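Written out below as structure tokens is the structure these notes cover.
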Amino acid sequence: MASDEVLDSLDAKREGLGPEECRTRADEHGPNTIKTEQKVSPWKVLLDQFTSPMVYVLLGALVVTLSIQSWADAIVIGLVLVVNATIGFIQEYRAQSAVQSLMEMVSPKARVRRGGEEKQLPAEQLAPGDIVLLDQGEMAPADLRLLDCKALQVNEAALTGESVPSSKTADAMEDAGEDLPPADQRNMAFMGTAVTAGRGEGVVVAIGRQTQLGRIAEDIRAAGQVETPLQKRMSRLATWIAVAILIIAALAFGVGLWMGESVEQMFLLAVSLAVAAIPAGLPVVMTVALAIGVHRMARRNAVIRHLPAVETLGSTTAIVSDKTGTLTQNQMSVQEILAAGGERYEVVGEAFSREGRIERDGEPADAPEGGPLYYALLAGSLNNQAQLKDSQEETQGQQPDEPSEEPARDQELHAQGDPMEVALLISAAKAGLSRAELSERYPLVDEVPFQTEKRFSATIHNTPDGDGPLVLIKGAPERVLQMCSHQLGGDGQPEDLDRDAFERQNDDLAAQGLRVLAMAIGRGEERATSIKADEPEGMTFVGMQGLLDPPRPEAIDAVGRCRDAGIRVLMVTGDNARTAAAIAQKVGLGRGAAGDRPNESDRQGDAEAQPLPTARTGQELADLDDEQVDGLLEEADVFARVKPEHKVRIVERLKARGQVVAVTGDGVNDAPALKTAHLGAAMGQTGTDVAKEASDMVITDDNFASVYKAVEEGRTAFRNIRMATFFLLSTGAADILVILTALVLRWPLPLLPAQILWCNVVTNGIADVALGFEPGERALFRRPPRPISEGVLDRCLIERLVLVGVWLAAGTLGVFYLVYQQSGVDLARVAALTTLVLFQMVHVFNCRSEDVSIFKKSLLGNKVLLWGVLASLAVHVAALYIPWTQRLLSFEPLPWWIWGVSIGVAATAILVNEGHKHFRPRDKVNQETWPAGWLRESSRRERDEPGVAPAELGRRLAEIEDTTRENRELLEQVVAKSERRSATPQHHPPQEAGEP
């Protein structure tokens, strides 16, 4: 069908639907959504709490105790199951619901024309007949019949599996058959397909389940939830522990029978021992820690789309970041203009305001029509897709850029579009050029949209004098100069192009950190035809505009923090290499080893303080093999003029060298690298739908500092899982040792089965979950990333686990023996249980950090843990005095002196942990495990306090001495060579490579 026929059949107009039509059609057709994700089922989450190896043991024990009518033990085991399932259900259900709610923050948007006005709406509000606007980097929000196309190309791999983009047309396909496959429908854009080039507009012909994608989704069964690598490791660990504990329980059962205990008593003891020792709360802790990480990241502007990203963030060793809007403020303004006639102009005034002027040598400068400055501003203003309005223009219905009677400084500017193009509009306005007037004077005829591969855009206009079309071009200086054969002189006449001079000027601007755009013009039909061809030529160069996008102050600090944490930051950009290096210098890239934080002058943008870091180009990468690229990655942190395939190669080579790589990006060209990386982070404000779809995380404020904050939360989440695992296993080991030691010594059992289960409920059941709420700490963020091969527990924690388990068991047995000798076995068991409960309540505070002293951790730093421990203690004390718990658990009140002994013994757990942290620091114990180069003194520096440790000062002094010695040796070599040359003046050998 022809375009007009399509519109008539849908009762639609090119101006778009009116408000009443939108409401009517929305009620008739429903929302434009495809329900592919299942809602979180409370019943399924509840049943999942009973599907772990640890719970199977509990269920078996419950059946056995009921069968032998051991009601007390059956009640306690049932209580364990209820508590464990309740905690697990609440936390897991909240976590899954939170992830679903966070996903709504990144729901797709659609640009539509309604009532003649362009608007941005949630895609679900679209209705048949809506006019949708498409641009590079966006996704089609519904099935569209195209009405207008400008070099439009769409990647339809989601439907066809063909990765090559399909070129689109708005023309009717008169020979099309009834069952034409989507791949052959050249005038359609289908929901979920990505615009890779050009722009266009189309009318919605199908929404939701009626779309091609919706029909496919209806036929696909919901896929099961994918288990994360962390979940797999934790599941293997839990299974291994369950098997080991069952073997130990069987051993205890056999030893007890051999020593004359009853079968019933030893069976209950073996079951209770297994239940107490197995960390049944481990799956709950993992879910809690990840869920809390997701919530904390959301508060810090990082929305996690896939739960595994939380774990990956904590292991990140390299971040490949784009520049614009991430490391910089994305608020560009034109600083300088170089006209082709040789004049250099400055743009003064506020960046985001029409107030200001163009100056030359400090004096106001005009832009006379026909001169190079005029055409440079004209090209920047008309070859431009951005919109710039005053607040009054929106309320009074004025056209964009139309002069207002009220001064611009009293009005609020509203911009829409690329910040670089907005800056070009403002620079033209400061010269007194109104785009509304220029558009009437030079009506638009055709355009060539910007494409990454072409690196320029162009518009074709009619001229007032009728001398044929005028072509306005803007783009990368190298590309624009390549298509030019002349330059416009100061008198407005073409003259020979001084290419070398402009290249030098381009380098000068780039060295100041300016983004440079070159402008050119072409006259006549021949130039207009040429610009639409693959190789335009014969254009006239008119000038360049240098734009500044200042670095974000918080990004400068975040880069320094990444360096302190052993995380390398690389910057990739499409800018000129000199521009990229200048910006990289300002944000602190390439400043050396970890710990060399930017000084105050750096934060203030002192570009003179440091030499420019090494910058390489994408073309250099393309010409090298993998080994040579690895060499470049060793020396360079900045890569300019990078194409999508170059960014992917950087990521792949970093991964091949064992790095865990995170990538930031916002455009279609970033999507391949986002998908290739271990973790892709898309920008929420400027990011395209394609980039968001390819990412694991969305940064809602487009700020690199938020990427680093997410890394902090990822490290915190994994640390909390690790320390909760350490707590559960160490206390479980103590339970095992208490029982086995008593059996070997032929003592009465220090703990009854029900008492062991009670201990598991009042301590482990609350404390381990509370550890998931522990906030991060400075020592954690200054430590090198954990090795990929490292397990949940490293060597240091395994060593500490054994030490603590033995000590807790020894202290509990000591109290039991003391009270047993004086007051009998019944009171001794209550004293031993109370001591073990107190031990675990003290020990859980030791588990708040791997290597930071407990005395440097505020009790109020984790209020959930503090109140949980106090609640557990209150429950246990109450149980000693409540009659029914006394009968159920064989409890009785304890004398004050036993309380004093138990508290004193339990407090020694602090001394054991603190001693191990001091005499066996984590980096020393793990030295044989961690790869060389990852252990830096900065990981021990400033655990929780500011300043530099003496060891760090010693290291820096040693480095200075080494550097001084090397420089002295180098100077002696230079002097010796100089003396030899002076002695033989008749011979001057060529300078040696690398010689000073």
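Convention: chains lettered A, B, ... in structure tokens order; per-chain residue numbering from 1; ligands numbered from 1 as shown.
Proximity to Gln505 in chain A at 9 Å, evaluated using only C-alpha atoms and with sequence-adjacent residues fewer than 5 positions away removed, yields Leu338, Asp500 and Ala510 of chain A.
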Generate a file of the selected residues that holds all heavy atoms, formatted as a PDB file, in the first residue's frame.
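Once everything was written out, this is result-v3.pdb:
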```
ATOM      1  N   LEU A 338      37.840  29.056  14.625  1.00  0.00           N
ATOM      2  CA  LEU A 338      38.906  29.374  13.662  1.00  0.00           C
ATOM      3  C   LEU A 338      38.284  29.469  12.284  1.00  0.00           C
ATOM      4  O   LEU A 338      37.829  28.468  11.722  1.00  0.00           O
ATOM      5  CB  LEU A 338      39.982  28.292  13.682  1.00  0.00           C
ATOM      6  CG  LEU A 338      40.776  28.146  14.989  1.00  0.00           C
ATOM      7  CD1 LEU A 338      41.747  26.987  14.886  1.00  0.00           C
ATOM      8  CD2 LEU A 338      41.519  29.438  15.301  1.00  0.00           C
ATOM      9  N   ASP A 500      47.883  21.914   5.765  1.00  0.00           N
ATOM     10  CA  ASP A 500      48.817  21.751   6.886  1.00  0.00           C
ATOM     11  C   ASP A 500      48.526  22.733   8.014  1.00  0.00           C
ATOM     12  O   ASP A 500      48.597  22.380   9.197  1.00  0.00           O
ATOM     13  CB  ASP A 500      50.258  21.918   6.404  1.00  0.00           C
ATOM     14  CG  ASP A 500      50.693  20.789   5.472  1.00  0.00           C
ATOM     15  OD1 ASP A 500      50.060  19.714   5.521  1.00  0.00           O
ATOM     16  OD2 ASP A 500      51.651  20.990   4.710  1.00  0.00           O
ATOM     17  N   ALA A 510      42.894  20.706  20.044  1.00  0.00           N
ATOM     18  CA  ALA A 510      42.731  19.407  20.690  1.00  0.00           C
ATOM     19  C   ALA A 510      43.604  19.299  21.925  1.00  0.00           C
ATOM     20  O   ALA A 510      43.212  18.686  22.928  1.00  0.00           O
ATOM     21  CB  ALA A 510      43.053  18.289  19.707  1.00  0.00           C
TER      22      ALA A 510
END
```
Which residues of range 456-499 of chain A come within 12 Å of range 415-434 of chain A, and what is each one's closest atom pair and distance in Å (one decimal), counting only C-alpha atoms, sorted by chain and residue number, as a Markdown table?
```
| residue | atom | partner | partner_atom | distance |
| --- | --- | --- | --- | --- |
| A:Ser457 | CA | A:Glu421 | CA | 11.7 |
| A:Lys474 | CA | A:Glu421 | CA | 10.4 |
| A:Gly475 | CA | A:Glu421 | CA | 11.3 |
```
May I have the residues from that selection written out with C-alpha atoms, as an mmCIF file, in the first residue's frame?
```
data_model
loop_
_atom_site.group_PDB
_atom_site.id
_atom_site.type_symbol
_atom_site.label_atom_id
_atom_site.label_comp_id
_atom_site.auth_asym_id
_atom_site.auth_seq_id
_atom_site.Cartn_x
_atom_site.Cartn_y
_atom_site.Cartn_z
ATOM 1 C CA SER A 457 26.637 15.066 8.312
ATOM 2 C CA LYS A 474 30.078 19.542 9.603
ATOM 3 C CA GLY A 475 32.168 16.660 10.942
#
```
Distance query Trp747 in chain A at most 9 Å, only C-alpha atoms, self and fewer than 5 positions along chain excluded, as number ranges by chain
A: 741-742, 817
Hey, can you spit out that residue selection with C-alpha atoms as a PDB file, in the first residue's frame?
```
ATOM      1  CA  THR A 741      35.517 -34.307  72.102  1.00  0.00           C
ATOM      2  CA  ALA A 742      33.026 -35.155  74.833  1.00  0.00           C
ATOM      3  CA  TYR A 817      33.599 -29.224  82.937  1.00  0.00           C
TER       4      TYR A 817
END
```
Applying 7 Å and only C-alpha atoms, which residues near Leu472 in chain A remain after dropping the ones on its own chain fewer than 4 positions away? List them as a ChimeraX atom specification.
/A:379,383,458-460,520-522
Would you kindly return, as an NGL selection string, each protein, DNA or RNA residue with an atom no farther than 9 Å from any atom of range 630-634 of chain A, considering only C-alpha atoms and excluding same-chain residues fewer than 5 positions away?
:A and (616 or 621 or 625 or 650 or 653-654 or 657)
May I have all residues of range 438-584 of chain A that DSSP, computed from the backbone, assigns to helix (DSSP H, G or I), given as a ChimeraX atom specification?
/A:438-441,477-482,499-511,525-531,553-564,577-584
Keeping only N, CA and C atoms, write the selected residues to a file as a short mmCIF file (atom, residue, chain, number, x, y, z; two decimals), in the first residue's frame.
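What landed in part.cif:
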```cif
data_model
loop_
_atom_site.label_atom_id
_atom_site.label_comp_id
_atom_site.auth_asym_id
_atom_site.auth_seq_id
_atom_site.Cartn_x
_atom_site.Cartn_y
_atom_site.Cartn_z
N LEU A 438 17.18 31.95 9.68
CA LEU A 438 18.05 31.29 8.71
C LEU A 438 17.32 30.17 7.98
N SER A 439 16.43 29.44 8.68
CA SER A 439 15.68 28.36 8.05
C SER A 439 14.75 28.88 6.97
N GLU A 440 14.16 30.07 7.20
CA GLU A 440 13.31 30.67 6.18
C GLU A 440 14.12 31.15 4.99
N ARG A 441 15.31 31.63 5.27
CA ARG A 441 16.17 32.16 4.20
C ARG A 441 16.79 31.04 3.38
N PRO A 477 37.44 17.00 11.67
CA PRO A 477 38.30 17.83 10.82
C PRO A 477 39.04 17.05 9.73
N GLU A 478 39.59 15.88 10.09
CA GLU A 478 40.33 15.11 9.08
C GLU A 478 39.43 14.72 7.91
N ARG A 479 38.19 14.33 8.23
CA ARG A 479 37.27 13.90 7.18
C ARG A 479 36.81 15.08 6.34
N VAL A 480 36.51 16.20 6.96
CA VAL A 480 36.04 17.37 6.22
C VAL A 480 37.15 17.93 5.34
N LEU A 481 38.36 18.02 5.88
CA LEU A 481 39.49 18.50 5.07
C LEU A 481 39.75 17.59 3.88
N GLN A 482 39.49 16.32 4.07
CA GLN A 482 39.73 15.36 2.99
C GLN A 482 38.82 15.62 1.80
N ARG A 499 46.06 23.01 3.90
CA ARG A 499 45.68 21.86 4.71
C ARG A 499 46.57 21.73 5.94
N ASP A 500 47.88 21.91 5.77
CA ASP A 500 48.82 21.75 6.89
C ASP A 500 48.53 22.73 8.01
N ALA A 501 48.19 23.97 7.65
CA ALA A 501 47.91 24.98 8.68
C ALA A 501 46.70 24.60 9.51
N PHE A 502 45.66 24.12 8.85
CA PHE A 502 44.45 23.74 9.59
C PHE A 502 44.68 22.50 10.45
N GLU A 503 45.50 21.59 9.99
CA GLU A 503 45.81 20.41 10.79
C GLU A 503 46.57 20.81 12.05
N ARG A 504 47.49 21.80 11.92
CA ARG A 504 48.21 22.28 13.10
C ARG A 504 47.26 22.98 14.06
N GLN A 505 46.36 23.79 13.52
CA GLN A 505 45.39 24.47 14.38
C GLN A 505 44.46 23.47 15.07
N ASN A 506 44.10 22.44 14.36
CA ASN A 506 43.27 21.39 14.95
C ASN A 506 43.99 20.74 16.13
N ASP A 507 45.29 20.46 15.95
CA ASP A 507 46.07 19.86 17.03
C ASP A 507 46.17 20.81 18.22
N ASP A 508 46.32 22.11 17.96
CA ASP A 508 46.41 23.08 19.05
C ASP A 508 45.13 23.10 19.88
N LEU A 509 43.99 23.11 19.20
CA LEU A 509 42.72 23.11 19.91
C LEU A 509 42.53 21.81 20.68
N ALA A 510 42.89 20.71 20.04
CA ALA A 510 42.73 19.41 20.69
C ALA A 510 43.60 19.30 21.92
N ALA A 511 44.80 19.88 21.88
CA ALA A 511 45.70 19.82 23.03
C ALA A 511 45.14 20.58 24.23
N GLU A 525 24.51 21.88 -8.07
CA GLU A 525 23.99 20.52 -8.13
C GLU A 525 25.09 19.47 -8.06
N GLU A 526 26.25 19.80 -8.65
CA GLU A 526 27.33 18.81 -8.66
C GLU A 526 27.79 18.51 -7.24
N ARG A 527 27.93 19.55 -6.40
CA ARG A 527 28.35 19.32 -5.02
C ARG A 527 27.25 18.61 -4.22
N ALA A 528 25.98 18.96 -4.50
CA ALA A 528 24.88 18.31 -3.79
C ALA A 528 24.83 16.82 -4.13
N THR A 529 25.08 16.48 -5.39
CA THR A 529 25.11 15.06 -5.77
C THR A 529 26.31 14.36 -5.16
N SER A 530 27.43 15.08 -5.08
CA SER A 530 28.66 14.48 -4.56
C SER A 530 28.53 14.14 -3.08
N ILE A 531 27.86 15.02 -2.31
CA ILE A 531 27.79 14.80 -0.87
C ILE A 531 26.97 13.56 -0.54
N PRO A 553 33.92 16.78 38.32
CA PRO A 553 34.80 16.74 39.50
C PRO A 553 34.72 15.40 40.24
N GLU A 554 33.51 14.84 40.34
CA GLU A 554 33.37 13.57 41.05
C GLU A 554 33.99 12.41 40.27
N ALA A 555 34.07 12.55 38.93
CA ALA A 555 34.72 11.50 38.13
C ALA A 555 36.22 11.50 38.37
N ILE A 556 36.80 12.68 38.59
CA ILE A 556 38.23 12.76 38.89
C ILE A 556 38.54 11.98 40.17
N ASP A 557 37.71 12.19 41.18
CA ASP A 557 37.90 11.48 42.44
C ASP A 557 37.67 9.98 42.27
N ALA A 558 36.66 9.61 41.46
CA ALA A 558 36.35 8.19 41.27
C ALA A 558 37.48 7.47 40.55
N VAL A 559 38.12 8.12 39.59
CA VAL A 559 39.26 7.51 38.90
C VAL A 559 40.39 7.24 39.89
N GLY A 560 40.64 8.21 40.79
CA GLY A 560 41.67 8.00 41.80
C GLY A 560 41.32 6.87 42.75
N ARG A 561 40.05 6.75 43.10
CA ARG A 561 39.63 5.66 43.99
C ARG A 561 39.75 4.30 43.29
N CYS A 562 39.47 4.27 42.00
CA CYS A 562 39.66 3.03 41.24
C CYS A 562 41.12 2.62 41.27
N ARG A 563 42.01 3.58 41.11
CA ARG A 563 43.44 3.27 41.12
C ARG A 563 43.84 2.73 42.49
N ASP A 564 43.30 3.31 43.55
CA ASP A 564 43.61 2.83 44.90
C ASP A 564 43.09 1.42 45.12
N ALA A 577 43.03 12.26 19.02
CA ALA A 577 43.91 11.70 20.04
C ALA A 577 44.40 12.77 21.02
N ARG A 578 44.73 13.96 20.51
CA ARG A 578 45.20 15.02 21.41
C ARG A 578 44.09 15.47 22.35
N THR A 579 42.87 15.60 21.83
CA THR A 579 41.74 15.98 22.68
C THR A 579 41.51 14.94 23.76
N ALA A 580 41.52 13.68 23.35
CA ALA A 580 41.30 12.60 24.31
C ALA A 580 42.37 12.60 25.39
N ALA A 581 43.64 12.81 25.00
CA ALA A 581 44.72 12.81 25.97
C ALA A 581 44.59 13.98 26.94
N ALA A 582 44.14 15.13 26.44
CA ALA A 582 43.99 16.30 27.31
C ALA A 582 42.90 16.08 28.35
N ILE A 583 41.77 15.50 27.93
CA ILE A 583 40.69 15.20 28.87
C ILE A 583 41.14 14.13 29.86
N ALA A 584 41.82 13.11 29.35
CA ALA A 584 42.31 12.04 30.23
C ALA A 584 43.24 12.58 31.29
#
```
Val819 in chain A surroundings by only C-alpha atoms, 9 Å radius, close-in-sequence under 6 positions cut, as a count of residues only:
7
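Between CA of Gly137 in chain A and CA of Leu470 in chain A there is a distance of 28.8 Å.
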Set the distance at 8 Å and use only C-alpha atoms: which residues neighbour Val642 in chain A once local chain neighbours fewer than 6 positions away are removed? I'd like the list as a ChimeraX atom specification.
/A:572-574,617-619
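Counting only C-alpha atoms and comparing A:Trp258, A:Phe450, A:Phe845, A:Tyr374, the residue that lies closest to Ala907 in chain A is A:Phe845.
Restricting the calculation to only C-alpha atoms, the smallest distance between Val285 in chain A and any of A:Ala810, A:Leu836, A:Leu728, A:Leu801 is found for A:Leu728.
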Record the distance separating CA of Ala376 in chain A and CA of Ile358 in chain A, expressed in Å with one decimal.
12.8 Å
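Closest approach to Leu17 in chain A among A:Gly658, A:Pro787, A:Gly115, A:Pro165: A:Gly115, based on only C-alpha atoms.
Minimum distance to Val869 in chain A across A:Ile131, A:Leu889, A:Val769, A:Val815 (counting only C-alpha atoms) occurs at A:Val769.
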Go through A:Thr463, A:Thr812, A:Asn301, A:Thr540 and flag the residue nearest Met483 in chain A, using only C-alpha atoms for the distances.
A:Thr540
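You will find CA of Gln136 in chain A at 24.2 Å from CA of Gln545 in chain A.
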Rank nothing, just name the residue among A:Lys586, A:Lys532, A:His295, A:Lys917 nearest to Phe456 in chain A, using only C-alpha atoms.
A:Lys532
Using DSSP secondary structure from the backbone, list all strand (DSSP E or B) positions within range 307-394 of chain A, as a PyMOL selection string.
chain A and resi 318-322+328+333-339+344-348+357-360+363-364+387-390
